[in-house]
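Chemist: Have a peek at entry-v2.txt (compact mmCIF, N, CA and C atoms).
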# COMPACT_ATOMS: atom_id res chain seq x y z
N MET O 1 -13.95 -2.10 -36.89
CA MET O 1 -13.75 -2.56 -35.54
C MET O 1 -13.62 -1.36 -34.61
N LYS O 2 -14.32 -1.41 -33.51
CA LYS O 2 -14.28 -0.32 -32.54
C LYS O 2 -12.96 -0.36 -31.76
N THR O 3 -12.27 0.78 -31.71
CA THR O 3 -11.02 0.82 -30.96
C THR O 3 -11.34 1.09 -29.49
N ARG O 4 -10.59 0.45 -28.63
CA ARG O 4 -10.78 0.61 -27.19
C ARG O 4 -9.51 1.19 -26.59
N GLU O 5 -9.70 1.85 -25.48
CA GLU O 5 -8.56 2.43 -24.77
C GLU O 5 -7.65 1.31 -24.27
N PRO O 6 -6.34 1.51 -24.34
CA PRO O 6 -5.42 0.48 -23.84
C PRO O 6 -5.68 0.10 -22.38
N SER O 7 -6.02 1.06 -21.55
CA SER O 7 -6.26 0.73 -20.14
C SER O 7 -7.47 -0.17 -19.98
N ASN O 8 -8.51 0.03 -20.80
CA ASN O 8 -9.69 -0.84 -20.75
C ASN O 8 -9.34 -2.26 -21.22
N LEU O 9 -8.52 -2.35 -22.23
CA LEU O 9 -8.10 -3.66 -22.72
C LEU O 9 -7.30 -4.41 -21.65
N ILE O 10 -6.44 -3.69 -20.97
CA ILE O 10 -5.62 -4.31 -19.93
C ILE O 10 -6.51 -4.84 -18.81
N VAL O 11 -7.50 -4.06 -18.41
CA VAL O 11 -8.43 -4.51 -17.36
C VAL O 11 -9.17 -5.76 -17.82
N GLU O 12 -9.62 -5.77 -19.07
CA GLU O 12 -10.33 -6.94 -19.59
C GLU O 12 -9.44 -8.17 -19.65
N VAL O 13 -8.22 -8.00 -20.12
CA VAL O 13 -7.29 -9.13 -20.22
C VAL O 13 -6.96 -9.65 -18.83
N PHE O 14 -6.75 -8.77 -17.88
CA PHE O 14 -6.45 -9.19 -16.51
C PHE O 14 -7.61 -9.98 -15.93
N ALA O 15 -8.83 -9.50 -16.13
CA ALA O 15 -10.01 -10.20 -15.62
C ALA O 15 -10.14 -11.58 -16.23
N VAL O 16 -9.88 -11.69 -17.53
CA VAL O 16 -9.95 -12.99 -18.20
C VAL O 16 -8.86 -13.91 -17.65
N ALA O 17 -7.66 -13.39 -17.49
CA ALA O 17 -6.56 -14.20 -16.97
C ALA O 17 -6.88 -14.73 -15.57
N VAL O 18 -7.41 -13.87 -14.72
CA VAL O 18 -7.79 -14.30 -13.37
C VAL O 18 -8.86 -15.38 -13.46
N SER O 19 -9.87 -15.17 -14.26
CA SER O 19 -10.94 -16.15 -14.42
C SER O 19 -10.42 -17.49 -14.90
N GLU O 20 -9.51 -17.47 -15.86
CA GLU O 20 -8.95 -18.71 -16.39
C GLU O 20 -8.13 -19.44 -15.33
N LEU O 21 -7.35 -18.71 -14.56
CA LEU O 21 -6.55 -19.33 -13.50
C LEU O 21 -7.44 -19.92 -12.41
N VAL O 22 -8.52 -19.23 -12.08
CA VAL O 22 -9.48 -19.75 -11.11
C VAL O 22 -10.11 -21.04 -11.65
N ALA O 23 -10.43 -21.04 -12.94
CA ALA O 23 -11.01 -22.23 -13.55
C ALA O 23 -10.04 -23.41 -13.52
N LEU O 24 -8.75 -23.12 -13.47
CA LEU O 24 -7.73 -24.17 -13.39
C LEU O 24 -7.47 -24.63 -11.96
N GLY O 25 -8.16 -24.00 -10.99
CA GLY O 25 -8.06 -24.46 -9.61
C GLY O 25 -7.42 -23.52 -8.62
N LEU O 26 -6.94 -22.38 -9.08
CA LEU O 26 -6.36 -21.41 -8.14
C LEU O 26 -7.48 -20.61 -7.49
N SER O 27 -7.22 -20.09 -6.30
CA SER O 27 -8.15 -19.15 -5.70
C SER O 27 -7.99 -17.82 -6.42
N ARG O 28 -8.94 -16.93 -6.25
CA ARG O 28 -8.82 -15.60 -6.88
C ARG O 28 -7.56 -14.91 -6.40
N GLU O 29 -7.30 -15.00 -5.09
CA GLU O 29 -6.10 -14.35 -4.53
C GLU O 29 -4.82 -14.95 -5.11
N GLU O 30 -4.77 -16.27 -5.24
CA GLU O 30 -3.59 -16.91 -5.83
C GLU O 30 -3.40 -16.47 -7.27
N ALA O 31 -4.48 -16.37 -8.02
CA ALA O 31 -4.40 -15.95 -9.41
C ALA O 31 -3.88 -14.52 -9.52
N VAL O 32 -4.44 -13.62 -8.71
CA VAL O 32 -4.00 -12.22 -8.75
C VAL O 32 -2.54 -12.11 -8.33
N LEU O 33 -2.16 -12.81 -7.26
CA LEU O 33 -0.77 -12.75 -6.80
C LEU O 33 0.20 -13.33 -7.82
N GLY O 34 -0.21 -14.39 -8.50
CA GLY O 34 0.64 -14.96 -9.54
C GLY O 34 0.86 -14.00 -10.69
N LEU O 35 -0.21 -13.37 -11.15
CA LEU O 35 -0.08 -12.39 -12.23
C LEU O 35 0.73 -11.18 -11.78
N LEU O 36 0.48 -10.74 -10.56
CA LEU O 36 1.22 -9.59 -10.03
C LEU O 36 2.71 -9.90 -9.91
N SER O 37 3.04 -11.10 -9.47
CA SER O 37 4.46 -11.44 -9.32
C SER O 37 5.17 -11.42 -10.67
N GLN O 38 4.49 -11.89 -11.71
CA GLN O 38 5.09 -11.85 -13.03
C GLN O 38 5.26 -10.42 -13.53
N ALA O 39 4.27 -9.59 -13.29
CA ALA O 39 4.38 -8.18 -13.68
C ALA O 39 5.52 -7.50 -12.91
N ALA O 40 5.63 -7.81 -11.63
CA ALA O 40 6.64 -7.17 -10.79
C ALA O 40 8.06 -7.49 -11.24
N VAL O 41 8.32 -8.73 -11.63
CA VAL O 41 9.68 -9.08 -12.03
C VAL O 41 10.01 -8.58 -13.42
N GLN O 42 8.99 -8.27 -14.21
CA GLN O 42 9.25 -7.80 -15.57
C GLN O 42 9.23 -6.27 -15.70
N ALA O 43 8.64 -5.60 -14.73
CA ALA O 43 8.52 -4.13 -14.79
C ALA O 43 9.80 -3.47 -14.29
N ASN O 44 10.02 -2.25 -14.76
CA ASN O 44 11.17 -1.51 -14.25
C ASN O 44 10.81 -0.89 -12.89
N PRO O 45 11.80 -0.50 -12.10
CA PRO O 45 11.53 0.00 -10.75
C PRO O 45 10.60 1.22 -10.71
N ARG O 46 10.69 2.11 -11.68
CA ARG O 46 9.79 3.28 -11.69
C ARG O 46 8.35 2.85 -11.86
N ALA O 47 8.11 1.84 -12.67
CA ALA O 47 6.75 1.34 -12.85
C ALA O 47 6.21 0.75 -11.56
N MET O 48 7.06 0.10 -10.80
CA MET O 48 6.63 -0.49 -9.53
C MET O 48 6.30 0.60 -8.51
N VAL O 49 7.04 1.69 -8.52
CA VAL O 49 6.72 2.82 -7.63
C VAL O 49 5.37 3.39 -8.02
N HIS O 50 5.14 3.55 -9.31
CA HIS O 50 3.85 4.04 -9.80
C HIS O 50 2.73 3.09 -9.37
N ALA O 51 2.97 1.78 -9.49
CA ALA O 51 1.98 0.78 -9.08
C ALA O 51 1.66 0.90 -7.60
N ALA O 52 2.66 1.15 -6.78
CA ALA O 52 2.43 1.29 -5.33
C ALA O 52 1.57 2.52 -5.04
N VAL O 53 1.79 3.59 -5.76
CA VAL O 53 0.97 4.80 -5.59
C VAL O 53 -0.48 4.51 -5.99
N LEU O 54 -0.67 3.84 -7.11
CA LEU O 54 -2.02 3.48 -7.55
C LEU O 54 -2.70 2.56 -6.53
N HIS O 55 -1.94 1.65 -5.97
CA HIS O 55 -2.49 0.75 -4.96
C HIS O 55 -3.02 1.54 -3.77
N GLN O 56 -2.23 2.49 -3.28
CA GLN O 56 -2.66 3.31 -2.14
C GLN O 56 -3.92 4.09 -2.47
N LYS O 57 -4.03 4.59 -3.67
CA LYS O 57 -5.18 5.42 -4.05
C LYS O 57 -6.45 4.61 -4.31
N PHE O 58 -6.33 3.43 -4.93
CA PHE O 58 -7.50 2.76 -5.46
C PHE O 58 -7.80 1.36 -4.92
N HIS O 59 -6.93 0.81 -4.10
CA HIS O 59 -7.15 -0.55 -3.63
C HIS O 59 -8.48 -0.72 -2.92
N SER O 60 -8.88 0.25 -2.13
CA SER O 60 -10.13 0.12 -1.37
C SER O 60 -11.36 0.03 -2.30
N ASP O 61 -11.24 0.51 -3.53
CA ASP O 61 -12.33 0.41 -4.50
C ASP O 61 -12.59 -1.02 -4.95
N PHE O 62 -11.60 -1.91 -4.77
CA PHE O 62 -11.70 -3.27 -5.26
C PHE O 62 -11.82 -4.31 -4.15
N VAL O 63 -11.84 -3.86 -2.90
CA VAL O 63 -11.93 -4.78 -1.78
C VAL O 63 -13.35 -4.80 -1.26
N ASP O 64 -13.86 -6.01 -1.09
CA ASP O 64 -15.21 -6.14 -0.51
C ASP O 64 -15.16 -5.72 0.95
N SER O 65 -16.12 -4.90 1.33
CA SER O 65 -16.16 -4.43 2.71
C SER O 65 -16.84 -5.44 3.60
Could you express the structure from this file as structure tokens?
Modeler:
Amino acid sequence: MKTREPSNLIVEVFAVAVSELVALGLSREEAVLGLLSQAAVQANPRAMVHAAVLHQKFHSDFVDS
């Protein structure tokens, strides 16, 4: 079995989770916000600071212009 980087697996799992939630009737934004809210309440504060930094750096890469 080919091993994959943990970050790639996380991206794949997140994409599948969003797709499944959309298939259940949520909008893409609702699905992402729902997953994000769960991550936010379970993560420690330092992880959330790191997430905010990543958001500032990379969010524009994922937004349709």
Chemist: Between atom N of O:Val63 and atom N of O:Arg4, what is the distance in Å, rounded to a tenth?
Modeler: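 Straight-line distance from atom N of O:Val63 to atom N of O:Arg4 works out to 26.1 Å.
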Chemist: What parts of chain O does DSSP call helix (DSSP H, G or I)? I'd like the answer as a ChimeraX atom specification.
Modeler: /O:6-23,28-42,45-62
Chemist: Please list as a ChimeraX atom specification every residue within 8 Å of stretch 31-43 of chain O, counting all atoms listed in the file and excluding residues in the same chain fewer than 2 positions away.
Modeler: /O:17-22,25-29,45-48
Chemist: Just give me the gap between atom C of O:Glu5 and atom C of O:Leu24 in Å, one decimal is fine.
Modeler: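 Computed distance, atom C of O:Glu5 to atom C of O:Leu24, equals 28.7 Å.
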